[in-house]
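Note: the block below is run-v4.cif and it holds mmCIF, C-alpha atoms.
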data_my_file
#
loop_
_atom_site.label_atom_id
_atom_site.label_comp_id
_atom_site.auth_asym_id
_atom_site.auth_seq_id
_atom_site.Cartn_x
_atom_site.Cartn_y
_atom_site.Cartn_z
CA MET A 1 -6.70 -47.91 29.29
CA SER A 2 -8.39 -45.52 31.73
CA ASN A 3 -10.09 -42.30 30.95
CA ALA A 4 -8.69 -38.98 32.03
CA PHE A 5 -11.61 -36.71 32.77
CA ILE A 6 -12.52 -33.23 33.85
CA ALA A 7 -15.87 -31.77 34.91
CA PHE A 8 -16.98 -28.16 34.83
CA GLN A 9 -19.94 -26.18 35.99
CA LYS A 10 -21.90 -25.11 32.94
CA ASN A 11 -21.59 -21.44 32.06
CA ASP A 12 -20.51 -19.13 29.25
CA GLU A 13 -16.82 -19.41 30.07
CA SER A 14 -16.67 -23.15 30.59
CA ARG A 15 -18.53 -23.68 27.32
CA CYS A 16 -15.56 -22.14 25.50
CA ILE A 17 -13.17 -24.37 27.44
CA VAL A 18 -15.22 -27.43 26.53
CA GLU A 19 -15.26 -26.42 22.86
CA ALA A 20 -11.48 -26.08 22.99
CA ILE A 21 -11.09 -29.52 24.59
CA LEU A 22 -13.28 -31.12 21.93
CA GLU A 23 -11.21 -29.51 19.20
CA ASP A 24 -7.85 -30.55 20.68
CA ASN A 25 -8.79 -34.06 21.83
CA PRO A 26 -10.14 -36.35 19.15
CA GLY A 27 -11.99 -39.15 20.90
CA ALA A 28 -13.33 -36.91 23.66
CA MET A 29 -16.70 -37.94 25.04
CA VAL A 30 -19.04 -35.33 26.43
CA ASP A 31 -21.44 -36.11 29.23
CA ASP A 32 -23.94 -33.27 29.43
CA GLN A 33 -25.65 -33.09 32.81
CA PRO A 34 -27.93 -30.38 34.13
CA SER A 35 -25.56 -27.57 35.20
CA MET A 36 -22.50 -29.81 34.79
CA VAL A 37 -20.50 -31.07 31.87
CA LYS A 38 -17.98 -33.88 32.10
CA ILE A 39 -15.48 -34.78 29.42
CA ASP A 40 -13.74 -38.15 29.18
CA VAL A 41 -10.75 -38.81 26.98
CA PRO A 42 -8.97 -42.14 26.84
CA ASN A 43 -5.57 -41.89 28.54
CA ARG A 44 -4.76 -38.23 28.00
CA LEU A 45 -6.73 -35.00 28.06
CA VAL A 46 -5.13 -31.69 27.14
CA ILE A 47 -6.43 -28.13 27.41
CA LYS A 48 -4.49 -25.64 25.30
CA ARG A 49 -4.45 -21.98 26.28
CA GLU A 50 -4.27 -20.84 22.67
CA THR A 51 -7.40 -22.70 21.63
CA VAL A 52 -9.37 -21.48 24.64
CA GLU A 53 -8.29 -17.91 23.86
CA GLU A 54 -9.49 -18.27 20.31
CA LYS A 55 -12.89 -19.52 21.51
CA MET A 56 -13.23 -16.79 24.13
CA GLY A 57 -11.85 -13.95 22.06
CA ARG A 58 -9.64 -12.73 24.89
CA SER A 59 -6.43 -13.67 26.65
CA PHE A 60 -6.86 -16.49 29.12
CA ASP A 61 -4.83 -17.73 32.05
CA LEU A 62 -5.22 -21.50 32.38
CA GLN A 63 -5.59 -21.13 36.14
CA GLU A 64 -8.87 -19.31 35.52
CA LEU A 65 -10.42 -22.64 34.70
CA GLN A 66 -10.25 -23.53 38.41
CA LEU A 67 -13.14 -21.13 38.91
CA HIS A 68 -15.46 -23.45 37.00
CA LEU A 69 -13.81 -26.73 37.92
CA ILE A 70 -15.74 -29.49 39.70
CA THR A 71 -13.39 -32.44 39.55
CA ILE A 72 -10.57 -34.06 37.62
CA SER A 73 -8.98 -37.46 37.32
CA GLY A 74 -5.52 -38.30 36.06
CA HIS A 75 -2.03 -37.03 36.78
CA LEU A 76 -1.93 -33.31 36.33
CA ASP A 77 0.77 -31.49 34.43
CA GLU A 78 0.33 -27.75 34.28
CA THR A 79 2.31 -25.26 32.23
CA ASP A 80 1.51 -21.73 31.08
CA ASP A 81 0.30 -23.11 27.75
CA GLU A 82 -1.18 -26.51 28.52
CA PHE A 83 -3.17 -28.23 31.23
CA THR A 84 -2.75 -31.97 30.83
CA LEU A 85 -4.39 -34.90 32.59
CA SER A 86 -3.01 -38.37 31.87
CA TRP A 87 -2.58 -41.95 33.10
CA ASN A 88 0.72 -43.83 32.85
CA SER A 89 -0.19 -46.99 31.05
CA MET B 1 -41.02 -41.55 57.38
CA ALA B 2 -38.73 -42.34 54.51
CA ILE B 3 -38.00 -39.63 52.03
CA ASP B 4 -37.03 -40.79 48.61
CA LEU B 5 -34.78 -38.28 46.82
CA ARG B 6 -34.78 -38.42 43.09
CA THR B 7 -32.98 -36.34 40.49
CA VAL B 8 -35.06 -35.39 37.56
CA SER B 9 -33.19 -34.20 34.51
CA ILE B 10 -35.05 -31.62 32.51
CA THR B 11 -33.47 -31.07 29.13
CA PRO B 12 -34.29 -27.83 27.37
CA LEU B 13 -36.27 -28.26 24.17
CA ARG B 14 -33.78 -26.17 22.27
CA GLN B 15 -30.31 -24.83 23.03
CA THR B 16 -30.43 -21.67 20.97
CA PHE B 17 -32.47 -19.69 18.43
CA GLY B 18 -33.54 -21.46 15.28
CA HIS B 19 -31.62 -19.20 12.90
CA LEU B 20 -28.42 -19.83 14.86
CA ALA B 21 -28.96 -23.58 14.97
CA ARG B 22 -29.42 -23.58 11.18
CA ARG B 23 -26.27 -21.49 10.78
CA MET B 24 -24.16 -23.72 13.06
CA GLY B 25 -25.64 -26.89 11.60
CA ALA B 26 -26.59 -28.18 15.04
CA ASP B 27 -28.70 -27.15 17.97
CA LYS B 28 -25.97 -26.29 20.46
CA PRO B 29 -25.54 -23.36 22.84
CA ALA B 30 -24.25 -20.22 21.11
CA SER B 31 -22.05 -17.54 22.65
CA ARG B 32 -23.54 -14.19 23.54
CA TYR B 33 -21.52 -12.66 20.72
CA ILE B 34 -23.02 -15.01 18.15
CA GLU B 35 -26.51 -14.41 19.52
CA ALA B 36 -26.05 -10.64 19.42
CA THR B 37 -24.58 -10.62 15.92
CA MET B 38 -25.67 -13.25 13.44
CA ASP B 39 -28.39 -12.38 10.94
CA LEU B 40 -29.70 -9.46 12.97
CA GLN B 41 -29.85 -7.04 10.08
CA PRO B 42 -32.99 -7.11 7.89
CA VAL B 43 -32.34 -8.56 4.45
CA GLU B 44 -35.73 -8.44 2.76
CA ASN B 45 -39.15 -6.79 2.66
CA TYR B 46 -37.71 -3.28 2.63
CA HIS B 47 -40.49 -0.80 2.09
CA TYR B 48 -38.74 2.42 1.20
CA ARG B 49 -35.52 3.25 -0.53
CA PRO B 50 -33.31 6.00 0.90
CA THR B 51 -34.63 9.27 -0.55
CA TRP B 52 -31.07 10.54 -1.02
CA GLU B 53 -29.90 7.44 -2.88
CA PRO B 54 -32.89 5.70 -4.45
CA GLN B 55 -30.63 3.39 -6.50
CA TYR B 56 -29.89 1.48 -3.26
CA GLU B 57 -31.91 -0.38 -0.69
CA ILE B 58 -31.48 0.73 2.92
CA PHE B 59 -29.07 -2.15 3.47
CA ASP B 60 -27.45 -2.91 0.17
CA THR B 61 -24.55 -5.22 -0.65
CA THR B 62 -23.69 -3.23 -3.78
CA ARG B 63 -22.50 -0.20 -1.85
CA THR B 64 -19.02 -1.71 -2.03
CA GLN B 65 -17.11 -3.55 -4.71
CA ILE B 66 -16.31 -6.26 -2.21
CA THR B 67 -18.57 -9.28 -2.45
CA MET B 68 -19.13 -11.95 0.16
CA LYS B 69 -20.94 -15.28 0.06
CA ASP B 70 -21.73 -14.66 3.71
CA TRP B 71 -21.31 -11.20 5.21
CA TYR B 72 -21.34 -12.70 8.67
CA ALA B 73 -18.00 -14.35 7.94
CA LEU B 74 -16.52 -10.98 8.93
CA LYS B 75 -16.57 -11.99 12.57
CA ASP B 76 -14.79 -10.17 15.35
CA PRO B 77 -12.22 -12.42 17.07
CA ARG B 78 -12.58 -10.24 20.19
CA GLN B 79 -16.26 -11.23 20.22
CA TYR B 80 -17.48 -7.75 21.07
CA TYR B 81 -21.15 -7.17 21.34
CA TYR B 82 -22.28 -4.01 23.05
CA GLY B 83 -22.02 -5.38 26.60
CA ALA B 84 -18.62 -7.00 26.15
CA TRP B 85 -17.25 -3.92 24.42
CA THR B 86 -18.36 -1.46 27.10
CA LEU B 87 -16.93 -3.69 29.83
CA ALA B 88 -13.59 -3.99 28.02
CA ARG B 89 -13.40 -0.25 27.40
CA GLY B 90 -14.49 0.48 30.95
CA ARG B 91 -11.55 -1.54 32.23
CA MET B 92 -9.10 0.14 29.86
CA GLN B 93 -10.40 3.54 30.82
CA GLU B 94 -10.09 2.84 34.53
CA VAL B 95 -6.43 1.98 34.12
CA ALA B 96 -5.80 4.99 31.88
CA GLU B 97 -7.55 7.28 34.36
CA GLY B 98 -5.31 5.87 37.08
CA ASP B 99 -2.27 6.96 35.09
CA PHE B 100 -3.69 10.44 34.53
CA ASP B 101 -4.44 10.70 38.26
CA LEU B 102 -0.93 9.65 39.19
CA VAL B 103 0.65 12.11 36.77
CA ASP B 104 -1.59 14.81 38.19
CA GLU B 105 -1.00 13.91 41.83
CA LEU B 106 2.78 13.81 41.57
CA GLY B 107 2.96 16.84 39.31
CA LEU B 108 4.72 14.77 36.65
CA ALA B 109 3.36 16.71 33.70
CA ALA B 110 4.46 20.03 35.19
CA ALA B 111 7.91 18.55 35.83
CA TYR B 112 8.24 17.23 32.26
CA PRO B 113 11.12 19.08 30.57
CA ALA B 114 9.98 22.05 28.48
CA ALA B 115 11.80 20.77 25.39
CA GLY B 116 9.95 17.48 25.69
CA LYS B 117 6.63 19.24 26.02
CA ASP B 118 7.30 21.30 22.92
CA GLU B 119 8.24 18.25 20.95
CA ALA B 120 5.24 16.24 22.11
CA LEU B 121 2.76 19.05 21.50
CA LYS B 122 4.15 19.84 18.06
CA VAL B 123 4.04 16.27 16.76
CA PHE B 124 1.25 14.78 18.77
CA LEU B 125 -1.52 17.24 19.52
CA PRO B 126 -2.82 17.86 15.97
CA LEU B 127 -3.63 14.14 15.98
CA ARG B 128 -6.78 14.94 17.94
CA HIS B 129 -8.21 16.18 14.64
CA VAL B 130 -7.12 12.97 12.94
CA ALA B 131 -8.90 10.98 15.62
CA TRP B 132 -12.05 12.96 15.05
CA ALA B 133 -11.85 12.37 11.30
CA SER B 134 -11.31 8.71 12.04
CA ASN B 135 -14.48 8.76 14.14
CA LEU B 136 -16.43 10.13 11.18
CA ASN B 137 -14.97 7.72 8.66
CA LYS B 138 -15.52 4.69 10.83
CA ALA B 139 -19.08 5.85 11.48
CA TYR B 140 -19.60 5.88 7.71
CA VAL B 141 -18.38 2.29 7.49
CA SER B 142 -20.73 1.40 10.30
CA SER B 143 -23.79 3.05 8.79
CA TYR B 144 -23.37 1.83 5.21
CA GLY B 145 -21.64 -1.50 5.88
CA TYR B 146 -23.58 -4.69 5.28
CA GLY B 147 -24.30 -7.12 8.09
CA ILE B 148 -24.11 -6.58 11.82
CA ALA B 149 -20.76 -8.40 12.09
CA ILE B 150 -18.86 -5.59 10.39
CA SER B 151 -21.14 -2.66 11.19
CA GLN B 152 -21.19 -3.17 14.95
CA ALA B 153 -17.41 -3.55 15.19
CA ALA B 154 -16.92 -0.45 13.03
CA CYS B 155 -19.31 1.45 15.28
CA TYR B 156 -17.34 0.51 18.37
CA ALA B 157 -14.09 1.51 16.67
CA SER B 158 -15.71 4.79 15.71
CA MET B 159 -16.71 5.54 19.30
CA ASP B 160 -13.25 4.47 20.46
CA GLN B 161 -11.80 7.22 18.31
CA LEU B 162 -13.79 9.81 20.22
CA GLY B 163 -12.12 8.43 23.32
CA VAL B 164 -8.74 8.67 21.63
CA ALA B 165 -9.40 12.29 20.65
CA GLN B 166 -10.27 13.05 24.27
CA TYR B 167 -7.12 11.43 25.62
CA VAL B 168 -4.98 13.33 23.12
CA THR B 169 -6.72 16.53 24.18
CA ARG B 170 -6.17 15.81 27.87
CA LEU B 171 -2.47 15.22 27.31
CA GLY B 172 -2.34 18.62 25.64
CA MET B 173 -4.15 20.27 28.53
CA ALA B 174 -1.82 18.57 31.03
CA PHE B 175 1.22 19.90 29.18
CA ASN B 176 0.11 23.37 28.20
CA ASP B 177 -3.52 23.99 29.09
CA LEU B 178 -5.84 25.43 26.43
CA ASP B 179 -3.04 27.04 24.45
CA ALA B 180 -1.99 23.55 23.39
CA LEU B 181 -5.36 23.01 21.72
CA THR B 182 -5.39 26.38 19.95
CA ASP B 183 -1.88 25.85 18.62
CA ALA B 184 -2.67 22.33 17.47
CA LYS B 185 -5.75 23.52 15.60
CA ALA B 186 -3.77 26.28 13.92
CA ALA B 187 -1.14 23.72 12.88
CA TRP B 188 -3.81 21.37 11.55
CA LEU B 189 -5.46 24.10 9.50
CA ASN B 190 -2.39 25.98 8.28
CA GLY B 191 0.79 24.10 9.10
CA ALA B 192 2.43 22.82 5.92
CA GLU B 193 3.39 19.50 7.60
CA TRP B 194 -0.19 18.59 8.24
CA GLN B 195 -1.93 19.41 4.97
CA GLU B 196 -1.30 16.09 3.20
CA LEU B 197 -2.61 14.16 6.18
CA ARG B 198 -5.61 16.46 6.40
CA ARG B 199 -6.31 15.98 2.72
CA TYR B 200 -6.07 12.22 3.21
CA VAL B 201 -8.69 11.99 5.95
CA GLU B 202 -10.93 14.61 4.36
CA ASP B 203 -10.89 12.80 1.02
CA LEU B 204 -12.08 9.73 2.86
CA MET B 205 -15.06 11.68 4.17
CA VAL B 206 -16.43 11.80 0.62
CA GLU B 207 -15.32 8.34 -0.49
CA LYS B 208 -18.40 6.25 -1.25
CA ASP B 209 -17.19 2.67 -1.07
CA TRP B 210 -17.37 1.85 2.63
CA PHE B 211 -14.99 -1.06 2.45
CA GLU B 212 -12.42 1.11 0.75
CA VAL B 213 -12.83 3.65 3.57
CA LEU B 214 -12.21 0.86 6.07
CA VAL B 215 -9.04 -0.22 4.28
CA ALA B 216 -7.78 3.33 3.79
CA GLN B 217 -8.54 4.65 7.26
CA ASP B 218 -8.08 1.66 9.53
CA PHE B 219 -5.47 -0.39 7.74
CA ALA B 220 -3.34 1.92 5.59
CA LEU B 221 -3.40 5.11 7.64
CA GLU B 222 -3.72 3.90 11.22
CA GLY B 223 -1.54 0.87 10.50
CA LEU B 224 1.29 3.35 9.87
CA LEU B 225 0.29 6.23 12.13
CA TYR B 226 -0.12 4.32 15.39
CA PRO B 227 3.23 2.49 15.28
CA LEU B 228 4.88 5.76 14.23
CA ILE B 229 3.52 7.77 17.13
CA TYR B 230 2.75 5.33 19.91
CA GLU B 231 5.78 3.12 19.41
CA ARG B 232 8.60 4.98 17.70
CA PHE B 233 7.93 8.54 18.79
CA ASN B 234 7.00 7.31 22.25
CA GLU B 235 10.32 5.47 22.56
CA LYS B 236 12.17 8.56 21.48
CA LEU B 237 10.48 10.76 24.08
CA ASN B 238 10.96 8.16 26.79
CA ALA B 239 14.66 7.87 26.09
CA ALA B 240 15.14 11.63 26.06
CA TYR B 241 12.82 12.68 28.88
CA SER B 242 10.67 10.40 31.06
CA PRO B 243 7.92 7.81 30.57
CA VAL B 244 5.16 10.35 31.26
CA PHE B 245 4.22 10.43 27.58
CA SER B 246 3.79 6.64 27.65
CA MET B 247 1.55 6.85 30.68
CA LEU B 248 -0.70 9.44 29.10
CA THR B 249 -1.05 7.52 25.84
CA ARG B 250 -1.70 4.11 27.31
CA PHE B 251 -5.27 3.83 26.04
CA GLN B 252 -4.30 4.40 22.42
CA ARG B 253 -1.50 1.85 22.53
CA GLU B 254 -3.71 -0.84 24.02
CA TRP B 255 -6.54 0.04 21.66
CA PHE B 256 -4.40 -0.31 18.56
CA GLY B 257 -2.95 -3.65 19.63
CA GLU B 258 -6.41 -5.03 20.17
CA THR B 259 -8.12 -3.47 17.15
CA THR B 260 -5.40 -4.77 14.84
CA LYS B 261 -6.50 -8.31 15.62
CA TRP B 262 -10.04 -7.49 14.55
CA LEU B 263 -9.07 -5.72 11.35
CA ASP B 264 -6.61 -8.40 10.26
CA ALA B 265 -9.26 -11.07 10.81
CA VAL B 266 -11.76 -9.09 8.71
CA LEU B 267 -9.28 -8.62 5.87
CA LYS B 268 -8.34 -12.28 5.98
CA ALA B 269 -11.97 -13.42 5.81
CA THR B 270 -12.64 -11.01 2.95
CA ALA B 271 -9.61 -12.11 0.96
CA THR B 272 -10.41 -15.77 1.56
CA ASP B 273 -13.92 -15.43 0.15
CA ASN B 274 -12.94 -14.92 -3.47
CA ALA B 275 -10.10 -13.90 -5.76
CA ASP B 276 -11.75 -10.64 -6.86
CA ASN B 277 -11.83 -9.47 -3.27
CA LYS B 278 -8.19 -10.33 -2.88
CA ALA B 279 -7.22 -8.33 -5.95
CA LYS B 280 -9.40 -5.41 -4.92
CA LEU B 281 -7.95 -5.33 -1.40
CA ALA B 282 -4.42 -5.45 -2.78
CA GLU B 283 -5.21 -2.56 -5.13
CA TRP B 284 -6.73 -0.44 -2.36
CA ILE B 285 -3.97 -1.18 0.12
CA LYS B 286 -1.27 -0.27 -2.40
CA HIS B 287 -3.01 2.95 -3.39
CA TRP B 288 -3.83 4.16 0.12
CA ARG B 289 -0.60 2.94 1.69
CA ASP B 290 1.41 5.02 -0.76
CA ARG B 291 -0.77 8.04 -0.10
CA ALA B 292 -0.48 7.48 3.65
CA VAL B 293 3.30 7.43 3.38
CA VAL B 294 3.21 10.78 1.57
CA ALA B 295 0.81 12.15 4.18
CA LEU B 296 2.81 10.94 7.16
CA LYS B 297 6.29 11.74 5.91
CA PRO B 298 6.24 15.41 6.96
CA VAL B 299 4.95 14.37 10.39
CA ALA B 300 7.69 11.76 10.66
CA GLN B 301 10.23 14.42 9.69
CA LEU B 302 8.86 16.69 12.37
CA ALA B 303 9.34 13.88 14.87
CA PHE B 304 12.56 12.24 13.71
CA GLY B 305 14.32 14.64 11.32
CA THR B 306 16.70 12.79 9.03
CA GLU B 307 15.79 9.35 10.37
CA ALA B 308 12.22 9.74 9.12
CA ASP B 309 12.69 7.93 5.81
CA ALA B 310 14.28 4.87 7.37
CA ILE B 311 11.57 4.63 10.02
CA MET B 312 8.74 5.01 7.50
CA ALA B 313 10.32 2.33 5.30
CA GLU B 314 10.38 -0.03 8.24
CA LEU B 315 6.75 0.67 9.14
CA VAL B 316 5.67 0.09 5.55
CA GLN B 317 7.52 -3.21 5.66
CA ASN B 318 5.57 -4.20 8.77
CA LEU B 319 2.29 -3.19 7.17
CA ASN B 320 3.08 -5.31 4.11
CA THR B 321 3.76 -8.25 6.41
CA ARG B 322 0.35 -7.79 8.02
CA ALA B 323 -1.28 -7.79 4.59
CA ALA B 324 0.64 -10.91 3.60
CA LYS B 325 -0.53 -12.68 6.76
CA ALA B 326 -4.10 -11.85 5.80
CA GLY B 327 -3.43 -13.58 2.47
CA ILE B 328 -3.16 -10.41 0.40
CA THR B 329 -0.19 -10.27 -1.94
CA LEU B 330 0.75 -6.72 -2.77
#

Take the structure in the file and write it out as structure tokens.
Amino acid sequence: MSNAFIAFQKNDESRCIVEAILEDNPGAMVDDQPSMVKIDVPNRLVIKRETVEEKMGRSFDLQELQLHLITISGHLDETDDEFTLSWNS
Amino acid sequence: MAIDLRTVSITPLRQTFGHLARRMGADKPASRYIEATMDLQPVENYHYRPTWEPQYEIFDTTRTQITMKDWYALKDPRQYYYGAWTLARGRMQEVAEGDFDLVDELGLAAAYPAAGKDEALKVFLPLRHVAWASNLNKAYVSSYGYGIAISQAACYASMDQLGVAQYVTRLGMAFNDLDALTDAKAAWLNGAEWQELRRYVEDLMVEKDWFEVLVAQDFALEGLLYPLIYERFNEKLNAAYSPVFSMLTRFQREWFGETTKWLDAVLKATATDNADNKAKLAEWIKHWRDRAVVALKPVAQLAFGTEADAIMAELVQNLNTRAAKAGITL
């Protein structure tokens, strides 16, 4: 089983996204680097708009996360409500 | 010459302030809102009691019948600290100003049918006095509330009401210049339709329990008034005339939608804390909701004639649903 992962630049906004990922993905592993944070989840990683909004306290368009994005791995499935990375295994 | 590049990772000794780390149970980065809110108010070593109320400390939890294990549970889901709030309001104001400019540029207010103007001014303009009263009452909540979580949000809401009063005033000036303001003041002071509402907000100016003021002003009164005016009355004017009224009241509509989220979260956290709170909130909501219905009925009749009762009943239903969602059974 491979890990789906996503990496963000570290800032106020991405911290909320990371918090949301940790809440929605049990088994997520955080790799804290200077000015970068990478999150690995076995097989499938999901980012839910609703959870991010709750963390940020404002409405959030999932495409905004591209502003802080460094890299991803996994097949990407994007809807208005969820941003999902996964491997077919 | 060979250059050897190395990365050196320097980890900060701590991620946030000690009091926040203790609160969160771990040393992890905190949001600006949390940093600018939690535990900021002094809680001990007060030197002097207020000369006008020596039975209380300057910040005193017993100024309300509501009790909380942690007053900072009354968090704002919008996460407004001063900076975030001014930015959000700045954006809202820019958009609202754009609408006023457009209405001005195209002469839309002048072209609004005279019957529509009359109707709008009669029902809507006296509300500038309500907004001002709301400013005062929210300021009271802010100054006597306990804990920065509730007092800062109440302060922002209070200042927002000054903005609302100004936007109401500007609509009046756009429709009928200064005469609109004079007439609205006369109606507020002497018009029979307005006296119950005036009594309501003026009674709140001398109410001592700040949490009760919050419930009465923000939840019971505004929870009925804003949907009545900015949804129902707005729809009626739009259908009969043109959407100019909507454009000139944009700020208020957005403000209410957003502030509702804050207030509902505060009520929910308060009700969740203990059963006495829940009972107290239910008692206050019932009392003030019924008074608000009495106060708003003549205004609703002014706006909707015979349909007023049905509309008010529906709005009360919606308010009860909001209370139920916050865990308060009426």

Legend entry - Nearest-residue call for Val41 (chain A), choices A:Thr71, A:Gly27, A:Asp81, A:Met1, using all atoms listed in the file: A:Gly27

Inset, instruction - Find, counting only C-alpha atoms, the residue in A:Val46, A:Ala4, A:Thr51, A:Asp32 that gets nearest to Thr11 (chain B). - result: A:Asp32

For chain B against chain A, with a cut-off of 8 Å and counting all atoms listed in the file, what is the closest atom pair and its distance in Å to one decimal for every residue that makes the cut, ordered by chain and number, as a Markdown table?
| residue | atom | partner | partner_atom | distance |
| --- | --- | --- | --- | --- |
| B:Ser9 | CA | A:Pro34 | CA | 6.5 |
| B:Ile10 | CA | A:Pro34 | CA | 7.4 |
| B:Thr11 | CA | A:Pro34 | CA | 7.5 |
| B:Ser31 | CA | A:Asp12 | CA | 7.0 |
| B:Pro77 | CA | A:Gly57 | CA | 5.2 |
| B:Arg78 | CA | A:Gly57 | CA | 4.2 |
| B:Gln79 | CA | A:Gly57 | CA | 5.5 |

Inset, instruction - Evaluate the PyMOL selection byres ((chain B and resi 216-226) around 7) and record the selected residues as a ChimeraX atom specification, following the chain and residue labels used in the document. - result: /B:134,212-215,227-230,285,288-289,292,315-316,319

Legend entry - Selection under test: the PyMOL selection byres ((chain B and resi 37-42) around 6); residues as number ranges by chain: B: 34-36, 43-44, 147-149

Inset, instruction - Write out as a list in words which residues come within 12 Å of Thr79 (chain A) when counting all atoms listed in the file, dropping same-chain ones fewer than 4 positions away. - result: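 Counting all atoms listed in the file, the residues come to Val46, Ile47, Lys48, Arg49, Asp61, Leu62, Gln63, Phe83, Thr84 and Leu85 of chain A.
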
Inset, instruction - Grab the CA of Ala323 (chain B) to CA of Asp70 (chain B) distance for me, in Å with one decimal place. - result: 21.6 Å

Inset, instruction - Fewer than 5 positions away in the same chain doesn't count, so skip those; otherwise give me all residues within 7 Å of Ser151 (chain B), counting all atoms listed in the file, as a list in words. - result: Val141, Ser142, Ser143, Gly145 and Tyr146 of chain B

Only C-alpha atoms, please: the residues just picked out, written as a short mmCIF file (atom, residue, chain, number, x, y, z; two decimals), in the coordinates of the input.
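Okay, this is what ended up in out_37.cif:
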data_model
loop_
_atom_site.label_atom_id
_atom_site.label_comp_id
_atom_site.auth_asym_id
_atom_site.auth_seq_id
_atom_site.Cartn_x
_atom_site.Cartn_y
_atom_site.Cartn_z
CA VAL B 141 -18.38 2.29 7.49
CA SER B 142 -20.73 1.40 10.30
CA SER B 143 -23.79 3.05 8.79
CA GLY B 145 -21.64 -1.50 5.88
CA TYR B 146 -23.58 -4.69 5.28
#

Legend entry - Distance criterion (all atoms listed in the file): nearest to Phe100 (chain B) out of B:Leu5, B:Phe245, B:Ala187, B:Ala21: B:Phe245

Inset, instruction - Skip region 158-172 of chain B itself and residues of its chain fewer than 3 positions away, then list as number ranges by chain all residues within 8 Å of it, counting only C-alpha atoms. - result: B: 121, 124-125, 127-129, 131-132, 134-139, 154-155, 175-178, 180-181, 248-249, 251-252

Go ahead and save the picked residues with C-alpha atoms, as a PDB file, keeping the file's coordinate frame.
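The new file selection32.pdb reads:
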ATOM      1  CA  LEU B 121       2.760  19.050  21.500  1.00  0.00           C
ATOM      2  CA  PHE B 124       1.250  14.780  18.770  1.00  0.00           C
ATOM      3  CA  LEU B 125      -1.520  17.240  19.520  1.00  0.00           C
ATOM      4  CA  LEU B 127      -3.630  14.140  15.980  1.00  0.00           C
ATOM      5  CA  ARG B 128      -6.780  14.940  17.940  1.00  0.00           C
ATOM      6  CA  HIS B 129      -8.210  16.180  14.640  1.00  0.00           C
ATOM      7  CA  ALA B 131      -8.900  10.980  15.620  1.00  0.00           C
ATOM      8  CA  TRP B 132     -12.050  12.960  15.050  1.00  0.00           C
ATOM      9  CA  SER B 134     -11.310   8.710  12.040  1.00  0.00           C
ATOM     10  CA  ASN B 135     -14.480   8.760  14.140  1.00  0.00           C
ATOM     11  CA  LEU B 136     -16.430  10.130  11.180  1.00  0.00           C
ATOM     12  CA  ASN B 137     -14.970   7.720   8.660  1.00  0.00           C
ATOM     13  CA  LYS B 138     -15.520   4.690  10.830  1.00  0.00           C
ATOM     14  CA  ALA B 139     -19.080   5.850  11.480  1.00  0.00           C
ATOM     15  CA  ALA B 154     -16.920  -0.450  13.030  1.00  0.00           C
ATOM     16  CA  CYS B 155     -19.310   1.450  15.280  1.00  0.00           C
ATOM     17  CA  PHE B 175       1.220  19.900  29.180  1.00  0.00           C
ATOM     18  CA  ASN B 176       0.110  23.370  28.200  1.00  0.00           C
ATOM     19  CA  ASP B 177      -3.520  23.990  29.090  1.00  0.00           C
ATOM     20  CA  LEU B 178      -5.840  25.430  26.430  1.00  0.00           C
ATOM     21  CA  ALA B 180      -1.990  23.550  23.390  1.00  0.00           C
ATOM     22  CA  LEU B 181      -5.360  23.010  21.720  1.00  0.00           C
ATOM     23  CA  LEU B 248      -0.700   9.440  29.100  1.00  0.00           C
ATOM     24  CA  THR B 249      -1.050   7.520  25.840  1.00  0.00           C
ATOM     25  CA  PHE B 251      -5.270   3.830  26.040  1.00  0.00           C
ATOM     26  CA  GLN B 252      -4.300   4.400  22.420  1.00  0.00           C
TER      27      GLN B 252
END

Inset, instruction - For Pro42 (chain A), list every protein, DNA or RNA residue within 12 Å, evaluated using all atoms listed in the file, and leave out those in the same chain fewer than 3 positions away; present the list as a ChimeraX atom specification. - result: /A:1-6,25-29,39,45-46,73-74,85-89

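Of the residues listed (A:Gln9, A:Asp24, A:Val52, A:Lys38), A:Lys38 shows the shortest atom-to-atom separation from Ile72 (chain A); distances use all atoms listed in the file.
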
Inset, instruction - Please measure the separation of CA of Ser246 (chain B) and CA of Asn234 (chain B), giving the value in Å to one decimal. - result: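 CA of Ser246 (chain B) sits 6.3 Å away from CA of Asn234 (chain B).
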
Legend entry - Computed interatomic separation between CA of Lys268 (chain B) and CA of Arg232 (chain B) (Å):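 Taking CA of Lys268 (chain B) and CA of Arg232 (chain B), their separation equals 26.9 Å.
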
Inset, instruction - Fewer than 6 positions away in the same chain doesn't count, so skip those; otherwise give me all residues within 10 Å of Asp104 (chain B), counting all atoms listed in the file, as JSON, numbers by chain. - result: {"B": [98, 110, 174]}

Inset, instruction - Pull out every residue that the PyMOL selection byres ((chain A and resi 67) around 10) matches in the shown coordinates and put them as a PyMOL selection string. - result: chain A and resi 8-9+13-14+63-66+68-70

Inset, instruction - Go through B:Phe233, B:Phe256, B:Phe211, B:Tyr241 and flag the residue nearest Trp284 (chain B), using only C-alpha atoms for the distances. - result: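 Among the listed residues, the smallest separation from Trp284 (chain B) belongs to B:Phe211.
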